[in-house]
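Structure data follow from target-v1.txt (compact mmCIF, C-alpha atoms and all ligand atoms):
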# COMPACT_ATOMS: atom_id res chain seq x y z
CA MET E 12 59.56 130.84 127.26
CA HIS E 13 62.12 133.29 125.89
CA ASP E 14 63.77 133.96 129.22
CA ALA E 15 67.16 133.08 130.61
CA ARG E 16 65.86 130.08 132.55
CA THR E 17 64.59 128.43 129.36
CA ALA E 18 67.81 129.29 127.55
CA THR E 19 69.84 127.80 130.40
CA SER E 20 67.75 124.61 130.56
CA ILE E 21 68.05 123.87 126.85
CA GLY E 22 71.56 125.31 126.64
CA ARG E 23 73.10 122.90 129.11
CA TRP E 24 71.75 119.88 127.23
CA LEU E 25 72.97 121.37 123.97
CA GLY E 26 76.33 122.15 125.60
CA LEU E 27 76.61 118.57 126.82
CA ALA E 28 75.75 117.18 123.37
CA PHE E 29 78.36 119.44 121.75
CA ALA E 30 81.01 118.55 124.34
CA VAL E 31 80.49 114.81 123.79
CA CYS E 32 80.37 115.33 120.02
CA PHE E 33 83.60 117.36 120.03
CA VAL E 34 85.66 115.05 122.24
CA THR E 35 84.50 111.83 120.54
CA GLY E 36 84.96 113.50 117.15
CA LEU E 37 88.56 114.38 118.00
CA ILE E 38 89.34 110.82 119.09
CA SER E 39 87.68 109.36 115.99
CA HIS E 40 89.50 111.87 113.81
CA PHE E 41 92.93 111.01 115.22
CA LEU E 42 92.22 107.30 114.77
CA GLN E 43 91.47 107.92 111.09
CA HIS E 44 93.90 110.73 110.27
CA PRO E 45 96.70 110.65 112.85
CA PRO E 46 99.34 113.36 112.58
CA GLY E 47 102.79 111.99 111.72
CA TRP E 48 104.03 111.77 115.31
CA LEU E 49 100.98 109.72 116.32
CA ALA E 50 100.74 107.41 113.32
CA ASN E 51 102.86 104.64 114.83
CA GLU E 52 101.55 105.13 118.37
CA LEU E 53 97.85 104.43 117.81
CA PRO E 54 96.64 101.87 120.37
CA SER E 55 94.85 98.71 119.25
CA ARG E 56 92.81 98.50 122.45
CA PRO E 57 90.11 98.72 123.55
CA ALA E 58 89.04 96.75 120.48
CA TRP E 59 85.65 98.53 120.58
CA GLY E 60 87.21 101.99 121.04
CA TYR E 61 86.38 103.48 117.64
CA ARG E 62 82.96 101.84 117.68
CA LEU E 63 82.20 103.69 120.91
CA THR E 64 83.66 107.08 119.96
CA GLN E 65 82.10 107.20 116.52
CA GLY E 66 78.76 105.81 117.78
CA LEU E 67 78.65 108.53 120.46
CA HIS E 68 79.81 111.17 117.97
CA VAL E 69 76.96 110.50 115.57
CA ALA E 70 74.37 109.98 118.35
CA SER E 71 75.27 113.21 120.18
CA GLY E 72 75.27 115.12 116.89
CA ILE E 73 71.80 113.79 116.05
CA ALA E 74 70.54 114.63 119.56
CA ALA E 75 71.79 118.20 119.06
CA ILE E 76 69.67 118.62 115.92
CA PRO E 77 66.38 119.30 117.77
CA LEU E 78 68.22 121.08 120.61
CA LEU E 79 69.87 123.76 118.47
CA PRO E 80 66.69 125.21 116.89
CA ALA E 81 64.94 125.02 120.28
CA LYS E 82 67.76 127.04 121.86
CA LEU E 83 67.73 129.54 119.01
CA TRP E 84 63.98 129.89 119.30
CA ALA E 85 64.28 130.53 123.05
CA VAL E 86 66.77 133.37 122.56
CA TYR E 87 65.83 134.86 119.17
CA PRO E 88 64.12 138.00 120.60
CA ARG E 89 67.58 139.06 121.79
CA LEU E 90 68.64 139.32 118.17
CA PHE E 91 66.55 142.50 118.04
CA ASP E 92 67.96 144.07 121.22
CA TRP E 93 68.18 147.84 120.97
CA PRO E 94 70.72 149.40 120.58
CA PRO E 95 72.25 146.50 118.60
CA VAL E 96 75.74 147.23 119.93
CA ARG E 97 76.60 148.92 123.20
CA SER E 98 80.40 148.75 123.10
CA VAL E 99 83.33 147.25 121.22
CA LEU E 100 83.31 144.31 123.63
CA HIS E 101 79.58 143.82 123.11
CA ALA E 102 80.06 143.95 119.33
CA LEU E 103 82.77 141.29 119.57
CA GLU E 104 80.57 139.12 121.73
CA ARG E 105 77.67 139.34 119.27
CA LEU E 106 80.06 138.52 116.45
CA SER E 107 81.25 135.41 118.31
CA ILE E 108 77.62 134.32 118.76
CA GLY E 109 77.07 134.74 115.02
CA LEU E 110 80.10 132.52 114.44
CA LEU E 111 78.86 130.00 116.99
CA VAL E 112 75.38 129.72 115.48
CA ALA E 113 76.61 129.51 111.88
CA GLY E 114 79.37 127.03 112.78
CA ALA E 115 77.07 124.85 114.90
CA ALA E 116 74.41 124.71 112.17
CA PHE E 117 77.09 123.92 109.59
CA GLU E 118 78.49 121.03 111.68
CA LEU E 119 75.08 119.47 112.30
CA VAL E 120 73.96 119.75 108.66
CA THR E 121 77.21 118.47 107.12
CA GLY E 122 77.49 115.72 109.75
CA LEU E 123 73.92 114.54 109.17
CA LEU E 124 74.33 114.48 105.39
CA ASN E 125 77.59 112.57 105.86
CA THR E 126 75.73 109.80 107.71
CA ALA E 127 73.73 109.41 104.50
CA GLN E 128 76.90 109.55 102.34
CA TRP E 129 75.54 112.60 100.59
CA TYR E 130 78.05 115.34 99.75
CA PRO E 131 76.22 118.12 97.90
CA TRP E 132 79.10 120.60 98.34
CA PRO E 133 82.32 121.34 96.49
CA PHE E 134 84.71 121.03 99.48
CA SER E 135 86.19 117.97 101.10
CA PHE E 136 84.05 116.98 104.11
CA VAL E 137 86.62 115.76 106.64
CA PRO E 138 89.06 118.72 106.82
CA VAL E 139 86.27 121.30 106.75
CA HIS E 140 84.07 119.55 109.34
CA TYR E 141 87.18 119.18 111.51
CA ALA E 142 88.33 122.81 111.20
CA VAL E 143 84.87 124.24 111.87
CA ALA E 144 84.61 121.99 114.97
CA TRP E 145 87.51 123.92 116.53
CA LEU E 146 85.87 127.21 115.62
CA VAL E 147 82.60 126.14 117.25
CA ALA E 148 84.41 124.80 120.33
CA GLY E 149 86.24 128.11 120.79
CA ALA E 150 83.12 130.22 120.25
CA LEU E 151 81.17 127.98 122.65
CA VAL E 152 83.75 128.28 125.44
CA LEU E 153 83.70 132.06 124.97
CA HIS E 154 79.88 132.10 125.00
CA ILE E 155 79.71 130.06 128.22
CA ALA E 156 82.33 132.31 129.84
CA VAL E 157 80.43 135.49 128.91
CA LYS E 158 77.10 134.06 130.04
CA ALA E 159 78.46 132.35 133.18
CA PRO E 160 76.76 134.76 135.64
CA GLU E 161 73.38 134.35 133.89
CA ILE E 162 73.79 130.58 133.59
CA LYS E 163 74.62 130.42 137.29
CA ALA E 164 71.63 132.57 138.22
CA HIS E 165 69.24 130.33 136.27
CA TRP E 166 70.85 126.94 136.72
CA SER E 167 68.09 125.39 138.80
CA ARG E 168 64.40 126.08 139.21
CA ARG E 169 65.16 127.39 142.68
CA SER E 170 67.90 129.77 141.54
CA PRO E 171 67.38 133.39 142.65
CA GLY E 172 66.99 134.66 139.07
CA THR E 173 64.27 132.12 138.35
CA LEU E 174 62.19 132.85 141.46
CA ALA E 175 61.55 136.37 140.26
CA LEU E 176 59.41 135.07 137.36
CA SER E 177 55.67 134.94 137.57
CA ALA E 178 54.24 131.54 138.41
CA GLU E 179 51.95 131.36 135.38
CA ASP E 180 54.97 131.18 133.02
CA ALA E 181 56.04 127.85 134.46
CA PRO E 182 53.55 125.50 132.70
CA ASP E 183 54.48 126.92 129.26
CA ARG E 184 58.15 126.38 129.89
CA ARG E 185 57.51 122.87 131.17
CA SER E 186 55.57 122.02 127.99
CA LEU E 187 58.32 123.40 125.80
CA LEU E 188 61.04 121.49 127.65
CA ALA E 189 58.95 118.31 127.57
CA ALA E 190 58.48 118.69 123.80
CA VAL E 191 62.19 119.22 123.27
CA ALA E 192 63.02 116.21 125.44
CA ALA E 193 60.51 114.10 123.49
CA ALA E 194 62.06 115.20 120.18
CA VAL E 195 65.58 114.35 121.38
CA GLY E 196 64.36 111.00 122.71
CA ALA E 197 62.57 110.21 119.44
CA VAL E 198 65.47 110.99 117.10
CA THR E 199 67.90 109.17 119.40
CA LEU E 200 65.82 106.01 119.87
CA THR E 201 65.06 105.71 116.15
CA THR E 202 68.74 106.02 115.12
CA VAL E 203 71.09 104.65 117.84
CA GLY E 204 70.16 101.10 116.87
CA GLN E 205 72.44 101.52 113.83
CA SER E 206 75.41 101.07 116.19
CA PHE E 207 73.94 100.15 119.58
CA THR E 208 72.60 96.86 118.29
CA PRO E 209 70.42 95.92 121.33
CA LEU E 210 68.13 98.71 120.04
CA LYS E 211 68.37 97.72 116.37
CA LYS E 212 64.64 96.93 116.25
CA LEU E 213 63.96 100.64 116.79
CA ASP E 214 66.38 101.73 114.05
CA LEU E 215 63.78 103.24 111.72
CA LEU E 216 65.37 106.55 110.68
CA ALA E 217 69.10 105.83 110.37
CA PRO E 218 70.34 105.42 106.79
CA ARG E 219 71.70 101.95 107.65
CA HIS E 220 70.31 98.97 109.49
CA PRO E 221 73.00 96.75 111.05
CA ASP E 222 71.36 93.57 109.72
CA HIS E 223 70.87 94.66 106.11
CA GLY E 224 73.61 93.43 103.81
CA PRO E 225 75.26 90.24 102.59
CA GLN E 226 76.28 87.87 105.43
CA GLY E 227 74.31 90.01 107.87
CA LEU E 228 76.62 93.02 107.60
CA PRO E 229 76.10 96.32 105.75
CA VAL E 230 78.35 97.21 102.80
CA ASN E 231 79.43 100.75 102.03
CA ARG E 232 81.26 100.21 98.78
CA THR E 233 80.36 97.11 96.82
CA ALA E 234 82.88 95.20 94.72
CA ALA E 235 81.12 96.52 91.60
CA ALA E 236 81.30 100.12 92.84
CA ALA E 237 84.99 99.69 93.65
CA GLY E 238 85.55 98.20 90.19
CA VAL E 239 87.13 94.96 91.45
CA GLY E 240 84.41 92.44 90.54
CA ARG E 241 85.10 88.87 91.60
CA ILE E 242 88.82 88.21 91.83
CA PRO E 243 89.65 84.80 90.24
CA ASP E 244 91.16 82.32 92.74
CA GLU E 245 93.93 81.22 90.35
CA SER E 246 95.32 84.68 89.73
CA TYR E 247 95.09 85.95 93.32
CA ARG E 248 98.41 86.62 95.04
CA LEU E 249 99.19 88.12 98.41
CA VAL E 250 102.50 89.98 98.35
CA VAL E 251 104.15 90.61 101.72
CA ASP E 252 106.84 93.20 101.24
CA GLY E 253 109.42 93.39 104.03
CA PRO E 254 113.09 92.55 104.65
CA ARG E 255 112.31 88.99 103.37
CA PRO E 256 109.52 89.53 100.84
CA TYR E 257 107.35 86.64 99.67
CA THR E 258 104.19 85.86 97.77
CA LEU E 259 101.34 83.50 98.65
CA THR E 260 98.63 81.97 96.50
CA LEU E 261 95.11 81.73 97.86
CA ALA E 262 95.58 78.01 98.53
CA GLU E 263 98.76 78.75 100.50
CA LEU E 264 97.01 81.47 102.47
CA ARG E 265 94.18 79.07 103.32
CA GLY E 266 96.77 76.49 104.36
CA LEU E 267 98.28 78.74 107.06
CA PRO E 268 97.01 78.49 110.68
CA GLN E 269 93.55 80.12 110.81
CA ARG E 270 92.32 82.11 113.80
CA GLU E 271 88.85 83.23 114.74
CA VAL E 272 88.14 86.63 116.29
CA GLU E 273 85.08 88.67 117.10
CA LEU E 274 85.53 92.29 116.01
CA PRO E 275 83.22 95.10 114.93
CA ILE E 276 83.17 97.05 111.69
CA ALA E 277 82.44 100.62 112.75
CA CYS E 278 81.81 102.95 109.84
CA VAL E 279 82.56 106.64 110.17
CA GLU E 280 79.01 107.26 108.92
CA GLY E 281 77.58 105.88 112.12
CA TRP E 282 76.61 102.23 111.71
CA SER E 283 78.57 99.48 113.39
CA LYS E 284 78.25 95.79 113.94
CA SER E 285 80.23 93.00 115.52
CA ALA E 286 81.02 89.88 113.48
CA HIS E 287 83.03 86.65 113.58
CA TRP E 288 86.07 86.69 111.35
CA THR E 289 88.41 83.83 110.43
CA GLY E 290 91.78 84.25 108.79
CA VAL E 291 95.53 84.50 109.18
CA ARG E 292 97.10 86.65 111.88
CA VAL E 293 98.81 89.65 110.31
CA THR E 294 101.57 89.41 112.92
CA ASP E 295 102.39 85.87 111.67
CA LEU E 296 102.59 87.14 108.07
CA LEU E 297 104.87 90.01 109.18
CA GLU E 298 107.08 87.74 111.29
CA ARG E 299 107.68 85.52 108.25
CA ALA E 300 108.73 88.60 106.23
CA GLY E 301 111.26 89.49 108.93
CA ALA E 302 109.47 92.74 109.81
CA PRO E 303 110.88 94.66 112.79
CA SER E 304 108.37 94.64 115.66
CA HIS E 305 108.13 98.45 115.74
CA ALA E 306 107.39 98.90 112.02
CA ARG E 307 104.24 100.50 110.64
CA VAL E 308 102.41 98.51 107.99
CA ARG E 309 100.61 99.59 104.84
CA VAL E 310 97.73 97.55 103.51
CA VAL E 311 97.05 97.86 99.77
CA SER E 312 93.89 96.73 98.01
CA LEU E 313 93.56 95.23 94.55
CA GLN E 314 91.08 98.05 93.94
CA LEU E 315 92.79 100.38 91.48
CA ARG E 316 91.10 103.71 92.20
CA GLY E 317 89.38 105.33 95.16
CA GLY E 318 90.40 106.93 98.43
CA TYR E 319 90.11 103.83 100.58
CA ARG E 320 92.25 101.39 98.63
CA VAL E 321 95.22 101.91 100.97
CA SER E 322 95.41 102.10 104.76
CA GLU E 323 98.15 102.12 107.36
CA MET E 324 98.47 100.49 110.76
CA SER E 325 100.55 101.37 113.79
CA HIS E 326 102.88 98.61 115.00
CA GLU E 327 100.49 97.90 117.88
CA GLN E 328 97.52 97.47 115.54
CA ALA E 329 99.56 95.36 113.10
CA ARG E 330 100.93 93.13 115.87
CA ASP E 331 97.72 92.72 117.83
CA PRO E 332 96.75 89.01 117.90
CA LEU E 333 93.19 90.08 116.95
CA THR E 334 94.36 91.64 113.67
CA LEU E 335 93.60 89.27 110.81
CA LEU E 336 93.82 89.04 107.11
CA ALA E 337 90.31 87.60 107.13
CA LEU E 338 89.13 84.99 104.62
CA ARG E 339 85.82 84.15 106.27
CA LEU E 340 82.96 86.08 107.85
CA ASN E 341 80.35 84.60 110.20
CA GLY E 342 81.36 81.07 109.21
CA GLU E 343 81.27 81.55 105.43
CA GLU E 344 83.77 82.55 102.79
CA LEU E 345 83.75 86.36 102.35
CA THR E 346 81.36 87.55 99.66
CA PRO E 347 82.94 89.81 97.00
CA ASP E 348 81.25 92.83 98.63
CA HIS E 349 82.96 92.07 101.94
CA GLY E 350 86.38 91.80 100.32
CA TYR E 351 86.79 88.35 98.76
CA PRO E 352 89.24 86.73 98.88
CA ALA E 353 90.96 88.56 101.76
CA ARG E 354 90.30 91.70 103.80
CA LEU E 355 91.82 93.36 106.81
CA ILE E 356 90.03 93.33 110.15
CA ALA E 357 91.76 94.96 113.11
CA PRO E 358 90.72 96.27 116.54
CA ASN E 359 90.04 99.95 117.34
CA ARG E 360 90.01 101.13 113.73
CA PRO E 361 87.55 103.11 111.62
CA GLY E 362 85.68 101.01 109.07
CA VAL E 363 87.25 102.95 106.20
CA LEU E 364 90.64 101.54 107.22
CA GLN E 365 89.44 97.92 107.25
CA THR E 366 90.73 97.46 103.72
CA LYS E 367 88.93 94.99 101.45
CA TRP E 368 90.34 92.91 98.54
CA VAL E 369 93.85 93.03 100.07
CA GLY E 370 96.66 92.19 97.65
CA ARG E 371 99.68 93.54 99.46
CA LEU E 372 101.13 94.17 102.91
CA GLU E 373 104.08 96.56 103.03
CA VAL E 374 106.39 96.87 106.01
CA LEU E 375 107.28 100.55 106.38
CA SER E 376 110.64 101.54 107.77
N1 LIG E 401 89.45 98.52 99.27
C1 LIG E 401 88.46 99.11 99.98
N2 LIG E 401 88.25 98.72 101.26
C2 LIG E 401 87.25 99.29 101.98
C3 LIG E 401 86.43 100.30 101.44
C4 LIG E 401 86.69 100.69 100.09
O1 LIG E 401 86.02 101.58 99.55
N3 LIG E 401 87.71 100.08 99.40
N4 LIG E 401 85.43 100.85 102.20
C5 LIG E 401 85.64 100.84 103.66
C6 LIG E 401 84.51 101.28 104.46
S1 LIG E 401 84.08 102.91 104.36
C7 LIG E 401 83.93 100.46 105.40
S2 LIG E 401 82.80 101.06 106.52
C8 LIG E 401 84.23 99.01 105.45
C9 LIG E 401 82.95 98.24 105.37
O2 LIG E 401 83.20 96.88 105.27
P1 LIG E 401 82.06 95.92 104.77
O3 LIG E 401 81.57 96.46 103.44
O4 LIG E 401 82.65 94.56 104.68
O5 LIG E 401 80.97 95.97 105.81
O6 LIG E 401 85.08 98.64 104.39
C10 LIG E 401 86.15 99.49 104.17
N5 LIG E 401 87.07 98.87 103.26
MO MO E 402 82.82 103.40 106.20

Structure translated into structure tokens:
Amino acid sequence: MHDARTATSIGRWLGLAFAVCFVTGLISHFLQHPPGWLANELPSRPAWGYRLTQGLHVASGIAAIPLLPAKLWAVYPRLFDWPPVRSVLHALERLSIGLLVAGAAFELVTGLLNTAQWYPWPFSFVPVHYAVAWLVAGALVLHIAVKAPEIKAHWSRRSPGTLALSAEDAPDRRSLLAAVAAAVGAVTLTTVGQSFTPLKKLDLLAPRHPDHGPQGLPVNRTAAAAGVGRIPDESYRLVVDGPRPYTLTLAELRGLPQREVELPIACVEGWSKSAHWTGVRVTDLLERAGAPSHARVRVVSLQLRGGYRVSEMSHEQARDPLTLLALRLNGEELTPDHGYPARLIAPNRPGVLQTKWVGRLEVLS
């Protein structure tokens, strides 16, 4: 069970999980933290784009959690190879494996704790998780390149390298691989329901259930936690700041043409759910302020403190007919926890950028 065939069998599943996790993580990351040159170019379609990339990111990361220890267990006797280093090149290769193992374990642990919104470390999660992802990707490509001849020799059961093994080893390996597959299946089936809602009945282990929350939708930060409480109707104002700035009362906002859209909230922590939203098209509000069609837009919450009180939209996201300043959710007025009296809902955006308790739209030049 500690031979190259076992390592190859588990390794290719682990490699696939890491590849999916890396690519979807990059897409999700750029949708949440675009570099300057990309900030006004983010696409608003497909509307479910972020829901898919972040759902796959979290699911592939969770699937990798049983795969990584299984792979390490299959190869650990090699840690004690003698002599420990045969050449400078060999030393460098072993060093890169050390980096790969430490980085991979770090990504899976920090990612998993992030899904539970638990940050028991002094550093900022996003930049560190992102930087280490590149390190792991580089070390993994190097590892696959170095091991390519061995991987090739043991790719299939009928590969020449595999045939040389004694027949009585086969049942042990089959049991091990079956156990690993069962573990991956179990952790996947009991968590994907947090975003893949057809399987929500099986969602037993994910921190969130897509149905649990006011108006049938989970809440990450409640109004109380954000320190906004219930905003009184009489004092609420929406300020639209552009070439022709104006202010609307809640009654005026409710008097504007209302649209209904179906869009998901997809939280970076892994849960997502589609909902029906009713409100005023942001593009109509911007048009009235005389905003140029190519302008970026900043959305500012009435929340006074906290990282997610402000978000920005590319012109395409701001002008998409699906993008609403929503007043209603699933046929009812928003509850305070969902952003009463008005919150942003836009296609292909991370949940953290779907700003609640919106008080201001700013047209950026
Ligand atoms: N002003 C403000 N808006 C916010 C947040 C926040 O902390 N403050 N949290 C965001 C996060 S992380 C998510 S996932 C969504 C969740 O929306 P919901 O609570 O209505 O489901 O709101 C977003 N909007
Ligand atoms: Mo979120």

Mind dumping a table of every chain E residue within 8 Å of ligand LIG 401 (chain E), with the nearest atom pair and its distance in Å to one decimal, using all atoms listed in the file, sorted by chain and rising number, as JSON lines?
{"residue": "E:Leu228", "atom": "CA", "partner": "E:LIG401", "partner_atom": "O5", "distance": 5.6}
{"residue": "E:Pro229", "atom": "CA", "partner": "E:LIG401", "partner_atom": "O5", "distance": 4.9}
{"residue": "E:Val230", "atom": "CA", "partner": "E:LIG401", "partner_atom": "O3", "distance": 3.4}
{"residue": "E:Asn231", "atom": "CA", "partner": "E:LIG401", "partner_atom": "O3", "distance": 5.0}
{"residue": "E:Arg232", "atom": "CA", "partner": "E:LIG401", "partner_atom": "O1", "distance": 5.0}
{"residue": "E:Thr233", "atom": "CA", "partner": "E:LIG401", "partner_atom": "O3", "distance": 6.8}
{"residue": "E:Ala237", "atom": "CA", "partner": "E:LIG401", "partner_atom": "O1", "distance": 6.3}
{"residue": "E:Ile276", "atom": "CA", "partner": "E:LIG401", "partner_atom": "O5", "distance": 6.4}
{"residue": "E:Ala277", "atom": "CA", "partner": "E:LIG401", "partner_atom": "S2", "distance": 6.3}
{"residue": "E:Cys278", "atom": "CA", "partner": "E:LIG401", "partner_atom": "S2", "distance": 3.9}
{"residue": "E:Val279", "atom": "CA", "partner": "E:LIG401", "partner_atom": "S2", "distance": 6.7}
{"residue": "E:Glu280", "atom": "CA", "partner": "E:LIG401", "partner_atom": "S2", "distance": 7.7}
{"residue": "E:Val311", "atom": "CA", "partner": "E:LIG401", "partner_atom": "N1", "distance": 7.6}
{"residue": "E:Ser312", "atom": "CA", "partner": "E:LIG401", "partner_atom": "N1", "distance": 5.0}
{"residue": "E:Leu313", "atom": "CA", "partner": "E:LIG401", "partner_atom": "N1", "distance": 7.1}
{"residue": "E:Gln314", "atom": "CA", "partner": "E:LIG401", "partner_atom": "N1", "distance": 5.6}
{"residue": "E:Gly317", "atom": "CA", "partner": "E:LIG401", "partner_atom": "O1", "distance": 6.7}
{"residue": "E:Gly318", "atom": "CA", "partner": "E:LIG401", "partner_atom": "O1", "distance": 7.0}
{"residue": "E:Tyr319", "atom": "CA", "partner": "E:LIG401", "partner_atom": "N3", "distance": 4.6}
{"residue": "E:Arg320", "atom": "CA", "partner": "E:LIG401", "partner_atom": "N1", "distance": 4.1}
{"residue": "E:Val321", "atom": "CA", "partner": "E:LIG401", "partner_atom": "N1", "distance": 6.9}
{"residue": "E:Asp348", "atom": "CA", "partner": "E:LIG401", "partner_atom": "O3", "distance": 6.0}
{"residue": "E:His349", "atom": "CA", "partner": "E:LIG401", "partner_atom": "O4", "distance": 3.7}
{"residue": "E:Gly350", "atom": "CA", "partner": "E:LIG401", "partner_atom": "O4", "distance": 6.4}
{"residue": "E:Arg354", "atom": "CA", "partner": "E:LIG401", "partner_atom": "N2", "distance": 7.7}
{"residue": "E:Pro361", "atom": "CA", "partner": "E:LIG401", "partner_atom": "S2", "distance": 7.3}
{"residue": "E:Gly362", "atom": "CA", "partner": "E:LIG401", "partner_atom": "S2", "distance": 3.8}
{"residue": "E:Val363", "atom": "CA", "partner": "E:LIG401", "partner_atom": "C6", "distance": 3.7}
{"residue": "E:Leu364", "atom": "CA", "partner": "E:LIG401", "partner_atom": "C10", "distance": 5.8}
{"residue": "E:Gln365", "atom": "CA", "partner": "E:LIG401", "partner_atom": "N5", "distance": 4.7}
{"residue": "E:Thr366", "atom": "CA", "partner": "E:LIG401", "partner_atom": "N2", "distance": 3.7}
{"residue": "E:Lys367", "atom": "CA", "partner": "E:LIG401", "partner_atom": "N2", "distance": 3.8}
{"residue": "E:Trp368", "atom": "CA", "partner": "E:LIG401", "partner_atom": "N1", "distance": 5.7}
{"residue": "E:Val369", "atom": "CA", "partner": "E:LIG401", "partner_atom": "N1", "distance": 7.1}

One number please: atom CA of Ser71 of chain E to atom CA of Val86 of chain E, in Å, one decimal. 22.0 Å

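The gap separating atom CA of Gln43 of chain E from atom CA of Thr201 of chain E is 27.0 Å, in Å to one decimal.
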
Just checking: using all atoms listed in the file, which residue out of E:Arg360, E:Thr17, E:Gly240, E:Leu63 ends up closest to ligand MO 402 (chain E)?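 That would be E:Arg360, the residue with the smallest distance to ligand MO 402 (chain E).
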
In Å, how far is it from atom CA of Val112 of chain E to atom CA of Tyr87 of chain E? 11.5 Å

Nearest-residue call for Asn359 of chain E, choices E:Val198, E:Val272, E:Ala58, E:Ala142, using all atoms listed in the file: E:Ala58

E:Thr199, E:Ser167, E:Thr289, E:Ser55 ranked by distance to Ala353 of chain E, top pick (using only C-alpha atoms):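 Closest to Ala353 of chain E of all the choices is E:Thr289.
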
Counting all atoms listed in the file, which residues come within 7 Å of (107.0, 94.1, 100.9), with the point read in the file's coordinates, and could you list them as a ChimeraX atom specification? /E:250-253,256,372-374

Any chance you could model N, CA, C and O atoms for segment 226-237 of chain E and send them as an mmCIF file, in the coordinates of the input?
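The result, stored in part_12.cif:
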data_model
loop_
_atom_site.group_PDB
_atom_site.id
_atom_site.type_symbol
_atom_site.label_atom_id
_atom_site.label_comp_id
_atom_site.auth_asym_id
_atom_site.auth_seq_id
_atom_site.Cartn_x
_atom_site.Cartn_y
_atom_site.Cartn_z
ATOM 1 N N GLN E 226 75.700 88.492 104.231
ATOM 2 C CA GLN E 226 76.280 87.870 105.430
ATOM 3 C C GLN E 226 75.947 88.654 106.695
ATOM 4 O O GLN E 226 76.721 88.676 107.648
ATOM 5 N N GLY E 227 74.794 89.323 106.686
ATOM 6 C CA GLY E 227 74.310 90.010 107.870
ATOM 7 C C GLY E 227 75.119 91.225 108.267
ATOM 8 O O GLY E 227 75.144 91.612 109.434
ATOM 9 N N LEU E 228 75.776 91.859 107.311
ATOM 10 C CA LEU E 228 76.620 93.020 107.600
ATOM 11 C C LEU E 228 76.494 94.034 106.472
ATOM 12 O O LEU E 228 76.617 93.667 105.304
ATOM 13 N N PRO E 229 76.243 95.310 106.809
ATOM 14 C CA PRO E 229 76.100 96.320 105.750
ATOM 15 C C PRO E 229 77.365 96.447 104.910
ATOM 16 O O PRO E 229 78.455 96.084 105.356
ATOM 17 N N VAL E 230 77.215 96.970 103.707
ATOM 18 C CA VAL E 230 78.350 97.210 102.800
ATOM 19 C C VAL E 230 78.295 98.675 102.387
ATOM 20 O O VAL E 230 77.232 99.170 102.010
ATOM 21 N N ASN E 231 79.403 99.356 102.473
ATOM 22 C CA ASN E 231 79.430 100.750 102.030
ATOM 23 C C ASN E 231 79.785 100.857 100.558
ATOM 24 O O ASN E 231 79.119 101.528 99.795
ATOM 25 N N ARG E 232 80.881 100.209 100.192
ATOM 26 C CA ARG E 232 81.260 100.210 98.780
ATOM 27 C C ARG E 232 81.265 98.766 98.306
ATOM 28 O O ARG E 232 82.038 97.956 98.805
ATOM 29 N N THR E 233 80.440 98.477 97.342
ATOM 30 C CA THR E 233 80.360 97.110 96.820
ATOM 31 C C THR E 233 81.560 96.854 95.907
ATOM 32 O O THR E 233 82.243 97.786 95.470
ATOM 33 N N ALA E 234 81.780 95.571 95.621
ATOM 34 C CA ALA E 234 82.880 95.200 94.720
ATOM 35 C C ALA E 234 82.663 95.872 93.359
ATOM 36 O O ALA E 234 83.607 96.391 92.751
ATOM 37 N N ALA E 235 81.415 95.892 92.897
ATOM 38 C CA ALA E 235 81.120 96.520 91.600
ATOM 39 C C ALA E 235 81.450 98.006 91.645
ATOM 40 O O ALA E 235 82.081 98.542 90.727
ATOM 41 N N ALA E 236 81.038 98.681 92.734
ATOM 42 C CA ALA E 236 81.300 100.120 92.840
ATOM 43 C C ALA E 236 82.793 100.410 92.914
ATOM 44 O O ALA E 236 83.260 101.443 92.437
ATOM 45 N N ALA E 237 83.541 99.495 93.536
ATOM 46 C CA ALA E 237 84.990 99.690 93.650
ATOM 47 C C ALA E 237 85.707 99.256 92.381
ATOM 48 O O ALA E 237 86.918 99.454 92.240
#
